[in-house]
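What follows is a short report on a single structure.
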2 protein chains.
Amino acid sequence: MHQRCALGLDYGTNSCRSLLIDLTTGEELGSSVFPYPSGQAGILLDPSQPHLARQNPQDYLDGLVAIITGAIAQALAENPGFDPASIIGIGIDTTGSTVIPVDQSGTPLGLLPEFSKNLAAMVWLWRDHTSHAEAAEITALAARIRPEHLAKCGGTYSSEWFWSKILHLKRTAPDVFHAAHSFVEHCDYLPAVLCGLTDPLTLPRGICAAGHKAMFNPAWGGLPDKDFLTQLDPALADLRDRLYNKAVSSDQPAGRLTGEWAAKLGLRPGIAVAVGAFDAHMGAVGAGIKEGTLVKILGTSTCDLMIHSNQQPLADIPGLCGIVDGSVLPGNHGLEAGQSAVGDIFLWFVNNLVPDSYGATPDAKFQAMEAALAPLLPGQTGLLALDWNNGNRTILTDTRLTGLILGQTLHTRAHEIYRALIEATAFGALTIINRLEEYGVPVLEVVNTGGLAVKNAALMQIYADVIGRPMKISRSDQTCALGAAIFGAISAGTVESGYDSVADAQRALCRLREKSYQPNPGNHARYARLYGLYRQLHDAFGTQQWSGRLSHVMKELLALREEVS
Amino acid sequence: MHQRCALGLDYGTNSCRSLLIDLTTGEELGSSVFPYPSGQAGILLDPSQPHLARQNPQDYLDGLVAIITGAIAQALAENPGFDPASIIGIGIDTTGSTVIPVDQSGTPLGLLPEFSKNLAAMVWLWRDHTSHAEAAEITALAARIRPEHLAKCGGTYSSEWFWSKILHLKRTAPDVFHAAHSFVEHCDYLPAVLCGLTDPLTLPRGICAAGHKAMFNPAWGGLPDKDFLTQLDPALADLRDRLYNKAVSSDQPAGRLTGEWAAKLGLRPGIAVAVGAFDAHMGAVGAGIKEGTLVKILGTSTCDLMIHSNQQPLADIPGLCGIVDGSVLPGNHGLEAGQSAVGDIFLWFVNNLVPDSYGATPDAKFQAMEAALAPLLPGQTGLLALDWNNGNRTILTDTRLTGLILGQTLHTRAHEIYRALIEATAFGALTIINRLEEYGVPVLEVVNTGGLAVKNAALMQIYADVIGRPMKISRSDQTCALGAAIFGAISAGTVESGYDSVADAQRALCRLREKSYQPNPGNHARYARLYGLYRQLHDAFGTQQWSGRLSHVMKELLALREEVS
């Protein structure tokens with residue numbers, strides 16, 4: 001049997017990377033990274049607008065060539081007999097909602113000379129928050145006249161999402177808005193480029209971006225209706241005709257690689273290019289997501305994904321970021337939740353509040369603190385924190401929340417606060433799991449991936465103890481690119497890929513590390529008490545409904561500290 | 001007219017110091033400091049009992065000679081014509097409740113060879129907290145059968161106080177308890193020594209220590225009755241006969257300096273030695289306390305003192321540490337309040353949570369943070385804190401409370417948290433003032449003294465803006481010793497001192513610095529909003545009665561931050 005391979009491309013916030021895998025053995029044959037050269041670490045900023053974050057589309061195109069030829073070169077270096085013609089498909093994931101204004105030929109406006117210095121014409125990166133007023137307006141309008149739209153995205157439309165960004169563009173840079181014939185998500189743009197699909201009105205759109213960020217749902221005829229859009233701005237209703245009315249899942253090919261790109265990349269022309277999706281969604285596939293398995297992608301923030309068969313009933317789940325049929329795996333609802341900041345909270349703490357007695361660099365400080373906090377028992381710090389320094393995505397969907405730490409004495413040390421912050425993120429993670437289970441989505445297994453899952457053993461043990469379930473770790477360091485490669489393979493069809501379905505490929509290619517973290521029953525019991533207190537603070541500060549007393553909180557923390565000390 | 005002078009001796013936690021003043025001009029002629037040589041910075045510790053803090057009585061005696069001869073030597077060095085015979089009286093203040101077990105000759109047990117290695121026989125320093133269980137027991141018994149005793153000390157009897165310490169000694173070191181014929185406060189011991197008064201049953205006791213720490217009150221016949229003490233321990237009822245049934249204020253002489261001590265110290269024999277009192281109380285006199293004037297002694301913790309004429313009605317004030325007739329000035333009730341930690345919170349923060357980018361030493365970090373926080377407006381940090389890292393003395397009288405900080409984002413800097421901690425202590429100070437005014441004690445003027453008042457201009461401005469009153473600063477750096485010197489003079493009588501009363505001497509000798517801090521009306525208005533939020537957190541976490549909602553807190557902080565930014 002000939003070698004069959006697939007390429008996964010993972011477009012992150014600061015760089016893109018590739019992974020070339022052998023579809024039979026799962027072996028990772030080659031990989032390459034391309035840091036975006038523009039702006040600050042790939043992000044175009046405006047000092048006068050701190051919430052602005054844009055990207056240069058040229059970086060994406062330059063990255064395509066660099067990471068594909070780089071991965072092939074690495075495979076050849078390790079095995080001179082490697083044949084690039086064995087690559088049967090390409091899958092691509094990107095950040096999102098990362099929105100590109102394009103002209104009639106599908107060309108990003110930012111690539112045109114007349115807009116090359118105009119930040120409004122560039123790519124609007126997911127983390128651009130300039131559109132918060134428009135997001136609030138969309139949320140308010142939908143709550144009034146289209147509550148079913150909101151129910152699928154947790155009750156709040158975000159400033160990071162498609163319509164908020166376009167409406168803000170219309171209002172703040174009308175010239176750019178009028179020059180834009182249409183708008184394309186980053187994850188839809190790159191497959192179209194590779195396949196030579198230039199008409200923005202017909203190029204395939206992925207259900208992942210459409211469903212999670214653009215309020216697209218076949219149940220109400222695709223994108224939001226014109227009456228709704230008109231009330232936001234009549235120009236959006238006109239734009240609706242220049243967007244799309246169909247969106248598909250990533251097991252489908254967007255098209256076939258053009259001869260021109262094949263030559264440039266050293267690939268066979270005509271191989272499949274899968275419909276694109278978001279990084280976390282393909283990452284969940286690469287981590288082996290299946291019914292009952294929660295995949296947690298633990299990084300600066302988290303993305304928590306599950307699937308639920310679309311043949312089974314499923315209620316709207318309050319506070320979830322999104323519920324979209326087919327967004328992760330065909331035939332299943334993709335359920336997306338997340339925490340607005342996890343690693344970012346730890347980075348904030350180490351950069352701003354940890355003295356140099358712990359070490360000279362952030363890494364040294366983290367290591368010293370982890371060594372100091374690992375032997376502590378639950379409750380021993382006497383501290384309790386809320387993990388809201390960047391708001392709360394799930395289950396409160398509220399960006400206007402902030403951090404909280406309580407329990408400090410005159411003897412509290414920095415590593416104890418770091419432990420309390422880790423515990424707070426674990427409590428936040430448990431709150432998401434509880435919400436899923438309350439609405440009929442059982443969490444039978446938790447698979448973790450992302451930097452923190454691999455690097456921070458103390459954190460993973462605390463998560464196991466708080467959540468009361470084993471914390472398993474995905475074996476690949478590149479689950480997003482692995483998931484993309486799987487979609488690249490499946491989009492080439494069963495004959496070429498050798499797999500009947502994404503699930504079939506996952507069983508062969510997605511593995512766990514031998515090391516997992518088991519919950520300690522005694523610690524879990526203590527954390528159950530602490531979680532009760534966390535939940536009271538969570539509800540007291542985070543919900544309008546809560547009313548009650550809090551005078552027991554500090555005293556119970558002191559009592560628990562004395563018990564375990 | 002001949003020069004008339006007085007000596008004030010101020011016995012602190014780590015050292016004692018003297019001040020020699022000219023009673024006509026107020027000039028400070030000499031001063032001397034003696035760090036206690038025993039233990040760690042004068043404190044005897046036991047690593048196995050972190051709440052234990054004792055002192056060696058020999059340090060007090062060695063200090064007497066050192067600081068009196070030192071002050072005279074300095075006065076002579078600056079003016080060789082100075083005549084030590086011009087010194088007409090000595091006043092002494094000490095920490096408290098600092099309790100000394102003594103034998104029948106008034107000798108501290110710790111000075112006897114058989115007890116020289118026994119920590120239980122040493123002086124029980126004010127900050128010794130080994131007696132917390134006994135304090136809770138005394139509070140519970142008094143609440144049940146003698147509520148009037150508790151009403152005069154804010155509702156809670158403290159582990160720092162006289163009876164808690166003696167009861168703990170009885171239970172944990174009965175041999176020492178039985179060897180003790182009586183117990184003497186540090187502030188009563190030293191005047192007795194200088195005057196050769198050796199019988200512990202007759203040596204003069206000050207009303208300040210007796211009233212504030214030993215539940216002494218003429219209204220119920222002096223010390224607590226034997227029925228009450230018997231229920232704690234019959235041995236305490238027996239002890240009552242070997243204590244005292246009279247206590248006097250510090251304008252009275254305890255006695256006259258003996259020839260032996262006069263020779264040792266280079267003083268005239270027979271000069272007056274005033275009845276002793278606590279440092280903060282004499283400090284309030286040195287700072288010019290009068291009706292309507294709140295004196296705040298701002299250090300690691302604070303002591304807040306007022307007086308109220310004993311000819312006027314005065315209700316019990318819930319949460320005040322003590323209300324004792326004559327404890328500050330004769331003819332007035334002394335009202336004592338305080339915050340359990342102020343400077344200690346800042347020291348904790350700078351030592352544990354401020355990175356070296358602010359500076360290499362704690363002092364450098366404080367300076368850099370103060371420069372960075374001073375230009376900020378109220379609300380600009382978005383933060384709100386509770387000043388409870390060491391519990392809350394007034395108005396909650398609860399040691400089982402801890403710190404809280406909320407409002408953190410991913411951009412919060414250390415100097416912003418430091419500002420929030422300063423503001424929290426200012427809100428705590430305002431809460432004390434409001435409580436006094438609610439119970440009919442108007443605060444017309446605030447005079448500050450102590451290290452923070454002199455050294456931290458940013459803090460004083462924040463206090464003025466939060467409290468909405470000018471913050472005045474006492475001119476002398478040694479208000480405690482100055483107050484003691486005034487009592488030394490007054491105890492010598494009108495003819496010798498030239499003053500009719502303490503108040504008369506204060507008018508001549510106590511001055512303010514030219515620099516005071518004026519409230520900014522705009523800042524005060526913003527702080528009034530922040531104080532409303534502080535008070536909700538204060539009541540929610542600190543009182544059992546509170547019940548309500550808190551979901552507005554983070555949002556109002558964000559809104560205020562946006563308003564002022």
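Chain labels run A, B, ... following the order of the structure tokens; each chain numbers its residues from 1, and ligands are numbered from 1 in the order shown.
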
(message) Need the shell around Ala484 (chain A): protein/DNA/RNA residues with any atom at most 12 Å away, counting only C-alpha atoms. Skip same-chain ones fewer than 6 positions apart. Format as a PyMOL selection string?
(response) chain A and resi 6-11+17-21+89-94+187+191+250-251+273-287+328+478+490-491+502+505-506

Residues of chain A within 7 Å of chain B, counting only C-alpha atoms - could you list those as a JSON list (two decimals) with N, CA, C and O atoms, in the first residue's frame?
[["chain", "number", "residue", "atom", "x", "y", "z"],
["A", 345, "ILE", "N", -4.50, 35.15, 33.03],
["A", 345, "ILE", "CA", -4.53, 35.59, 34.44],
["A", 345, "ILE", "C", -3.19, 35.27, 35.10],
["A", 345, "ILE", "O", -2.63, 36.09, 35.84],
["A", 348, "TRP", "N", -0.62, 37.70, 33.79],
["A", 348, "TRP", "CA", -0.82, 39.00, 34.45],
["A", 348, "TRP", "C", -0.22, 38.98, 35.85],
["A", 348, "TRP", "O", 0.50, 39.89, 36.24],
["A", 352, "ASN", "N", 3.11, 41.17, 37.00],
["A", 352, "ASN", "CA", 2.79, 42.38, 37.74],
["A", 352, "ASN", "C", 2.90, 42.27, 39.25],
["A", 352, "ASN", "O", 3.00, 43.29, 39.93],
["A", 353, "LEU", "N", 2.85, 41.06, 39.79],
["A", 353, "LEU", "CA", 2.69, 40.96, 41.25],
["A", 353, "LEU", "C", 3.56, 39.89, 41.89],
["A", 353, "LEU", "O", 3.29, 39.49, 43.02],
["A", 354, "VAL", "N", 4.58, 39.43, 41.20],
["A", 354, "VAL", "CA", 5.45, 38.41, 41.80],
["A", 354, "VAL", "C", 6.86, 38.98, 41.95],
["A", 354, "VAL", "O", 7.47, 39.36, 40.97],
["A", 355, "PRO", "N", 7.34, 39.06, 43.19],
["A", 355, "PRO", "CA", 8.66, 39.66, 43.40],
["A", 355, "PRO", "C", 9.78, 38.78, 42.85],
["A", 355, "PRO", "O", 9.61, 37.57, 42.66],
["A", 356, "ASP", "N", 10.92, 39.39, 42.63],
["A", 356, "ASP", "CA", 12.04, 38.68, 42.01],
["A", 356, "ASP", "C", 12.67, 37.66, 42.93],
["A", 356, "ASP", "O", 13.53, 36.89, 42.51],
["A", 389, "ASN", "N", -10.78, 38.25, 35.57],
["A", 389, "ASN", "CA", -9.99, 39.43, 35.18],
["A", 389, "ASN", "C", -10.29, 39.89, 33.76],
["A", 389, "ASN", "O", -10.06, 41.03, 33.42],
["A", 390, "ASN", "N", -10.79, 39.00, 32.92],
["A", 390, "ASN", "CA", -11.16, 39.37, 31.55],
["A", 390, "ASN", "C", -12.65, 39.09, 31.32],
["A", 390, "ASN", "O", -13.08, 38.81, 30.21],
["A", 400, "ARG", "N", -18.36, 42.53, 31.51],
["A", 400, "ARG", "CA", -18.20, 43.59, 32.52],
["A", 400, "ARG", "C", -18.17, 42.99, 33.93],
["A", 400, "ARG", "O", -18.90, 43.37, 34.83],
["A", 401, "LEU", "N", -17.26, 42.05, 34.09],
["A", 401, "LEU", "CA", -16.96, 41.48, 35.39],
["A", 401, "LEU", "C", -15.45, 41.59, 35.59],
["A", 401, "LEU", "O", -14.70, 41.67, 34.61],
["A", 402, "THR", "N", -15.01, 41.54, 36.82],
["A", 402, "THR", "CA", -13.59, 41.71, 37.11],
["A", 402, "THR", "C", -13.15, 40.70, 38.16],
["A", 402, "THR", "O", -13.97, 39.98, 38.73],
["A", 403, "GLY", "N", -11.85, 40.65, 38.41],
["A", 403, "GLY", "CA", -11.30, 39.68, 39.33],
["A", 403, "GLY", "C", -11.60, 39.99, 40.78],
["A", 403, "GLY", "O", -11.98, 41.11, 41.13],
["A", 404, "LEU", "N", -11.43, 38.97, 41.62],
["A", 404, "LEU", "CA", -11.64, 39.13, 43.06],
["A", 404, "LEU", "C", -10.74, 38.12, 43.77],
["A", 404, "LEU", "O", -10.64, 36.96, 43.36],
["A", 405, "ILE", "N", -10.09, 38.56, 44.83],
["A", 405, "ILE", "CA", -9.33, 37.65, 45.70],
["A", 405, "ILE", "C", -9.70, 37.99, 47.13],
["A", 405, "ILE", "O", -9.71, 39.16, 47.51],
["A", 406, "LEU", "N", -10.00, 36.98, 47.91],
["A", 406, "LEU", "CA", -10.24, 37.26, 49.33],
["A", 406, "LEU", "C", -9.57, 36.19, 50.19],
["A", 406, "LEU", "O", -9.22, 35.11, 49.72],
["A", 407, "GLY", "N", -9.41, 36.54, 51.47],
["A", 407, "GLY", "CA", -8.79, 35.61, 52.41],
["A", 407, "GLY", "C", -7.36, 36.00, 52.78],
["A", 407, "GLY", "O", -6.71, 35.31, 53.55],
["A", 408, "GLN", "N", -6.86, 37.11, 52.23],
["A", 408, "GLN", "CA", -5.48, 37.51, 52.51],
["A", 408, "GLN", "C", -5.28, 37.85, 53.99],
["A", 408, "GLN", "O", -6.12, 38.50, 54.61],
["A", 409, "THR", "N", -4.14, 37.42, 54.53],
["A", 409, "THR", "CA", -3.71, 37.86, 55.86],
["A", 409, "THR", "C", -2.42, 38.67, 55.67],
["A", 409, "THR", "O", -2.04, 38.99, 54.55],
["A", 410, "LEU", "N", -1.74, 38.94, 56.78],
["A", 410, "LEU", "CA", -0.45, 39.64, 56.68],
["A", 410, "LEU", "C", 0.67, 38.66, 56.32],
["A", 410, "LEU", "O", 1.82, 39.07, 56.20],
["A", 413, "ARG", "N", 1.49, 34.69, 50.82],
["A", 413, "ARG", "CA", 2.62, 34.77, 49.89],
["A", 413, "ARG", "C", 2.12, 34.70, 48.44],
["A", 413, "ARG", "O", 1.02, 34.22, 48.18],
["A", 414, "ALA", "N", 3.00, 35.13, 47.52],
["A", 414, "ALA", "CA", 2.60, 35.18, 46.11],
["A", 414, "ALA", "C", 2.22, 33.81, 45.57],
["A", 414, "ALA", "O", 1.25, 33.68, 44.82],
["A", 540, "ALA", "N", -23.24, 35.78, 43.64],
["A", 540, "ALA", "CA", -23.47, 37.07, 44.29],
["A", 540, "ALA", "C", -22.99, 38.22, 43.40],
["A", 540, "ALA", "O", -23.68, 39.21, 43.22],
["A", 541, "PHE", "N", -21.78, 38.08, 42.85],
["A", 541, "PHE", "CA", -21.22, 39.18, 42.05],
["A", 541, "PHE", "C", -21.59, 39.07, 40.58],
["A", 541, "PHE", "O", -21.48, 40.05, 39.84],
["A", 542, "GLY", "N", -22.01, 37.88, 40.13],
["A", 542, "GLY", "CA", -22.19, 37.68, 38.69],
["A", 542, "GLY", "C", -23.63, 37.59, 38.22],
["A", 542, "GLY", "O", -23.85, 37.61, 37.01],
["A", 543, "THR", "N", -24.60, 37.48, 39.13],
["A", 543, "THR", "CA", -25.98, 37.35, 38.66],
["A", 543, "THR", "C", -26.87, 38.37, 39.36],
["A", 543, "THR", "O", -26.65, 38.69, 40.53],
["A", 544, "GLN", "N", -27.86, 38.83, 38.63],
["A", 544, "GLN", "CA", -28.79, 39.81, 39.21],
["A", 544, "GLN", "C", -29.80, 39.13, 40.14],
["A", 544, "GLN", "O", -30.39, 39.79, 41.00],
["A", 546, "TRP", "N", -29.26, 36.72, 42.41],
["A", 546, "TRP", "CA", -28.80, 36.30, 43.72],
["A", 546, "TRP", "C", -29.12, 37.34, 44.78],
["A", 546, "TRP", "O", -28.94, 38.53, 44.57],
["A", 547, "SER", "N", -29.54, 36.86, 45.92],
["A", 547, "SER", "CA", -29.70, 37.71, 47.08],
["A", 547, "SER", "C", -29.45, 36.82, 48.29],
["A", 547, "SER", "O", -29.91, 35.69, 48.33],
["A", 548, "GLY", "N", -28.67, 37.30, 49.25],
["A", 548, "GLY", "CA", -28.38, 36.42, 50.39],
["A", 548, "GLY", "C", -27.34, 37.01, 51.30],
["A", 548, "GLY", "O", -27.15, 38.22, 51.35],
["A", 549, "ARG", "N", -26.67, 36.12, 52.03],
["A", 549, "ARG", "CA", -25.68, 36.51, 53.03],
["A", 549, "ARG", "C", -24.30, 35.98, 52.66],
["A", 549, "ARG", "O", -24.20, 34.94, 52.01],
["A", 550, "LEU", "N", -23.26, 36.67, 53.12],
["A", 550, "LEU", "CA", -21.89, 36.24, 52.82],
["A", 550, "LEU", "C", -21.00, 36.24, 54.05],
["A", 550, "LEU", "O", -19.80, 35.99, 53.93],
["A", 551, "SER", "N", -21.55, 36.52, 55.21],
["A", 551, "SER", "CA", -20.68, 36.70, 56.39],
["A", 551, "SER", "C", -19.98, 35.40, 56.80],
["A", 551, "SER", "O", -19.02, 35.44, 57.55],
["A", 554, "MET", "N", -15.55, 34.22, 54.89],
["A", 554, "MET", "CA", -14.20, 34.35, 55.43],
["A", 554, "MET", "C", -13.99, 33.39, 56.60],
["A", 554, "MET", "O", -12.92, 32.82, 56.77],
["A", 555, "LYS", "N", -15.02, 33.21, 57.39],
["A", 555, "LYS", "CA", -14.88, 32.35, 58.57],
["A", 555, "LYS", "C", -14.75, 30.88, 58.17],
["A", 555, "LYS", "O", -13.97, 30.13, 58.76]]

(message) Please extract the residues of region 146-268 of chain A with a backbone DSSP assignment of strand (DSSP E or B) and present them as a list in words.
(response) Ser182, Phe183, Val184, Glu185, Gly206, Asn217, Gly222, Val248, Pro253, Ala254, Gly255 and Arg256 of chain A

(request) For CA of Arg526 (chain A) and CA of Met471 (chain A), determine how far apart the two atoms are, in Å to one decimal place. (result) 18.2 Å

(message) At a cut-off of 10 Å, using only C-alpha atoms, what residues contact Gly498 (chain B)? Leave out same-chain residues fewer than 4 positions from it and give the result as JSON, numbers by chain.
(response) {"B": [4, 23, 24, 489, 490, 492, 493, 494, 504, 505]}

(request) Pick out each residue of region 10-216 of chain B that DSSP on the backbone tags as helix (DSSP H, G or I); I need them as a VMD selection string. (result) chain B and resid 57 to 78 84 to 86 109 to 111 113 to 115 119 to 121 132 to 145 147 to 151 162 to 172 174 to 179 186 to 195 207 to 213
